[in-house]
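Read the structure below first, then the notes.
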Amino acid sequence: MSGTAMTGVSQNGGAFAYDWRNPRIWGVANHFSAPEFIETIEVYSAGARQNYMRLRSRSGAEGVVACNNRTRALASVLSELVIPFFIGKDAVQIEQLIQDVYRHGRNYKYAGMALWNAVSFVECAILDMLGRVAQRPVHALFMPQLRSEIPIYQSNLIRDPNLSPDGLLDILEADIAESGARAAKLKIGGRMSRNGDVYPGYSEALIVRARERLGDDMTLYFDANGSYDAANAIRIGRLLESVNAGFFEEPCEWQDYAATREVTRALDMTVAGGEQDTSLAQFADMLDTDIVDLIQPDTMYQGGFIRLLQMAEIARSRGTVITPHSPRNDPTQAYILHFAAICPNLGEYQEHRSNENVLPMSTGVPPARGGTVSVPTGHGWGCEFDDAIFTTVPRLV
């Protein structure tokens with residue numbers, strides 16, 4: 001599908017000149033009349049699900065956010081490379097700081113998900129603090145709001161050899177009944193499996209049964225998590241085309257750009273990718289050289305909210321949309337909702353996993369109802385955290 005913009009663009013601003021080497025500045029600093037110098041950044045962790053960051057300025061302003069389950073593995077990156085850069089800096093200058101942290105010292109030598117994911121934690125804590133100081137939602141620090149309700153697709157993450165395709169679809173249909181989603185995404189293949197499957201014939205059967213059971217009005221997406229070589233991805237892609245699937249996500253191993261390009265050029269449907277990628281230059285190249293039709297940067301892996309907006313600008317300048325990766329059901333869901341509130345070239349549906357907030361001592365985002373989720377309206381990200389976290393959860397950094 002090379003060179004074709006994805007359908008379903010919501011308020012797409014159209015193509016324009018944009019150079020990722022000279023990132024756009026949205027003017028966050030214009031909302032503040034005084035600096036907010038960062039005094040402390042603390043990380044608390046009680047395991048894979050409970051990870052938090054608390055950031056405070058010299059004035060006593062505070063930002064608190066949830067971090068993802070990569071936190072414990074990133075402790076040394078945070079404590080040695082990322083946090084020291086931000087201490088003493090003026091948080092109001094966050095847009096410049098996000099550019100500078102990469103070039104500070106030798107940080108660029110660590111470029112990739114490990115560095116940028118750690119940066120995203122700090123950036124999101126800064127933005128939460130700044131939103132609270134300015135008494136605005138985070139998205140209001142950047143651009144005028146375009147949407148207050150975000151259409152979602154129901155994201156199912158299950159690959160279970162003990163479940164038949166119909167058993168999995170029973171679970172998905174129950175989730176759809178609760179959320180009202182008009183689109184859904186299912187996992188196929190075996191995840192970076194070199195053509196392996198959940199069990200032989202599973203993915204082919206799931207693709208066919210999903211369309212039969214969910215009907216022609218349901219938009220269906222399928223995610224292979226890098227399971228196939230080019231030949232098998234094209235074979236599976238032809239089957240996806242036969243059921244009118246919306247996009248085929250990560251058909252080949254994510255760094256095998258040549259194989260993914262071969263699939264993209266062979267298929268008539270949209271090929272998507274970018275969950276593991278972090279480089280602005282790489283995202284531009286992925287679109288410019290037909291590696292994918294649709295970029296899907298993760299809301300945290302690639303460096304946070306500001307860089308996600310920059311990646312949206314890369315897509316918009318090439319006349320296409322962006323649909324970020326965000327399969328979470330905790331306060332970090334807020335990031336994609338604030339992004340979707342202002343992004344001019346947003347894809348038709350955004351990822352939604354569950355209405356359940358799995359993070360203790362926190363409030364999540366509004367539940368999905370009728371196929372949409374409301375953008376949080378509170379200050380900062382609009383999520384709250386119990387102060388008991390900081391006396392009961394072990395400090396990591």
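Every chain in the structure tokens has a letter given in the order shown (A, B, ...), and although residue numbers restart at 1 in each chain, ligands are simply numbered from 1 in the order shown.
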Give me the residues near Leu130 of chain A as a list in words, where near means some atom within 9 Å (using only C-alpha atoms) and where sequence neighbours in that chain fewer than 6 positions away do not count. Phe32, Glu36, Ala61, Glu62, Gly63, Ala91, Val92, Arg136, Val138, Leu141, His379 and Gly380 of chain A
Go ahead and save the picked residues with N, CA, C and O atoms, as a compact mmCIF listing (two decimals), in the first residue's frame.
```txt
# COMPACT_ATOMS: atom_id res chain seq x y z
N PHE A 32 3.76 30.41 31.50
CA PHE A 32 4.34 30.61 32.83
C PHE A 32 5.09 31.94 32.90
O PHE A 32 5.76 32.33 31.95
N GLU A 36 10.28 27.12 37.14
CA GLU A 36 10.05 26.05 38.12
C GLU A 36 11.27 25.14 38.08
O GLU A 36 11.35 24.21 37.28
N ALA A 61 5.95 22.87 43.97
CA ALA A 61 5.05 22.24 43.00
C ALA A 61 5.46 20.79 42.79
O ALA A 61 6.64 20.43 42.92
N GLU A 62 4.49 19.96 42.46
CA GLU A 62 4.74 18.53 42.41
C GLU A 62 4.03 17.90 41.21
O GLU A 62 2.92 18.30 40.84
N GLY A 63 4.67 16.93 40.60
CA GLY A 63 4.06 16.09 39.58
C GLY A 63 4.26 14.64 39.94
O GLY A 63 5.36 14.24 40.34
N ALA A 91 11.91 23.53 34.62
CA ALA A 91 10.93 22.65 34.00
C ALA A 91 10.09 23.37 32.95
O ALA A 91 9.56 22.75 32.02
N VAL A 92 9.94 24.68 33.09
CA VAL A 92 9.16 25.46 32.13
C VAL A 92 9.76 25.36 30.72
O VAL A 92 9.05 25.46 29.72
N ARG A 136 -4.24 23.71 34.26
CA ARG A 136 -4.73 23.30 32.95
C ARG A 136 -4.46 21.81 32.75
O ARG A 136 -3.51 21.26 33.32
N VAL A 138 -2.81 18.85 30.57
CA VAL A 138 -1.55 18.86 29.83
C VAL A 138 -1.76 19.28 28.38
O VAL A 138 -1.01 20.11 27.84
N LEU A 141 -1.57 22.92 27.30
CA LEU A 141 -0.28 23.61 27.27
C LEU A 141 0.30 23.66 25.87
O LEU A 141 1.26 24.39 25.62
N HIS A 379 -6.46 19.01 36.13
CA HIS A 379 -5.16 19.64 35.91
C HIS A 379 -4.09 18.57 35.73
O HIS A 379 -4.18 17.48 36.29
N GLY A 380 -3.05 18.89 34.98
CA GLY A 380 -2.03 17.88 34.66
C GLY A 380 -2.65 16.80 33.80
O GLY A 380 -3.41 17.07 32.88
```
Considering only C-alpha atoms, tabulate each residue of segment 146-216 of chain A that lies at most 8 Å from segment 339-352 of chain A along with its nearest interatomic pair and the corresponding distance in Å to one decimal; arrange the rows by chain and ascending residue number and present them as CSV.
```
residue,atom,partner,partner_atom,distance
A:Leu146,CA,A:Ile342,CA,5.2
A:Arg147,CA,A:Ala341,CA,4.8
A:Ser148,CA,A:Ala341,CA,6.2
A:Glu149,CA,A:Ala341,CA,7.9
A:Ile150,CA,A:Ala340,CA,6.9
A:Pro151,CA,A:Tyr349,CA,5.1
A:Ile152,CA,A:Gln350,CA,4.5
A:Tyr153,CA,A:Glu351,CA,5.2
A:Gln154,CA,A:His352,CA,5.3
A:Ser155,CA,A:His352,CA,5.7
A:Ala183,CA,A:Tyr349,CA,7.2
```
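With only C-alpha atoms as the atoms that count, the residue of A:Arg70, A:Arg191, A:Arg24, A:Arg56 with the shortest distance to Leu309 of chain A is A:Arg24.
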When DSSP works through the backbone of this structure, what residues of segment 33-96 of chain A end up as helix (DSSP H, G or I), shown as a PyMOL selection string? chain A and resi 72-86+91-96
Dump of C-alpha atoms for the selected residues, as a short mmCIF file (atom, residue, chain, number, x, y, z; two decimals), in the first residue's frame:
```
data_model
loop_
_atom_site.label_atom_id
_atom_site.label_comp_id
_atom_site.auth_asym_id
_atom_site.auth_seq_id
_atom_site.Cartn_x
_atom_site.Cartn_y
_atom_site.Cartn_z
CA ARG A 72 13.08 -1.59 37.48
CA ALA A 73 15.23 -2.62 34.50
CA LEU A 74 15.87 1.06 33.76
CA ALA A 75 16.94 2.04 37.30
CA SER A 76 20.60 2.67 36.38
CA VAL A 77 19.67 4.62 33.23
CA LEU A 78 17.40 6.81 35.34
CA SER A 79 19.83 7.33 38.22
CA GLU A 80 23.03 7.77 36.19
CA LEU A 81 21.99 9.34 32.89
CA VAL A 82 18.53 10.89 32.94
CA ILE A 83 17.63 12.23 36.39
CA PRO A 84 20.98 14.04 36.96
CA PHE A 85 20.45 15.97 33.72
CA PHE A 86 17.08 17.33 34.85
CA ALA A 91 10.93 22.65 34.00
CA VAL A 92 9.16 25.46 32.13
CA GLN A 93 11.75 24.96 29.36
CA ILE A 94 10.71 21.32 28.94
CA GLU A 95 10.56 21.49 25.14
CA GLN A 96 14.23 22.47 24.93
#
```
Hey, could you make a per-residue contact list for segment 242-310 of chain A against segment 102-118 of chain A with 9 Å as the cut-off, showing the nearest pair of atoms and its distance in Å to one decimal, counting only C-alpha atoms, sorted by chain and number, as a tab-separated table?
```
residue	atom	partner	partner_atom	distance
A:Gln276	CA	A:Met113	CA	7.0
A:Asp277	CA	A:Met113	CA	7.4
A:Thr278	CA	A:Gly112	CA	5.8
A:Ser279	CA	A:Gly112	CA	7.5
A:Met300	CA	A:Asn117	CA	5.6
A:Tyr301	CA	A:Asn117	CA	4.4
A:Gln302	CA	A:Trp116	CA	5.3
A:Gly303	CA	A:Trp116	CA	4.2
A:Gly304	CA	A:Asn117	CA	7.4
```
File of the preceding selection, C-alpha atoms, as a compact mmCIF listing (two decimals), in the first residue's frame:
```txt
# COMPACT_ATOMS: atom_id res chain seq x y z
CA GLN A 276 9.82 -0.40 19.19
CA ASP A 277 11.31 2.53 17.25
CA THR A 278 12.51 5.71 18.95
CA SER A 279 14.36 7.80 16.35
CA MET A 300 6.27 6.13 26.40
CA TYR A 301 8.96 3.99 24.73
CA GLN A 302 9.95 6.74 22.27
CA GLY A 303 10.51 9.51 24.81
CA GLY A 304 7.17 10.91 25.91
```
From A:Asp217, A:Asp285, A:Glu249, A:Glu42, residue lying nearest Pro394 of chain A [only C-alpha atoms]: A:Glu42
Contacts of Ala258 of chain A at 12 Å (only C-alpha atoms; same-chain gap of 2+ positions) as a PyMOL selection string: chain A and resi 229-230+251-256+260-265+286+289-292
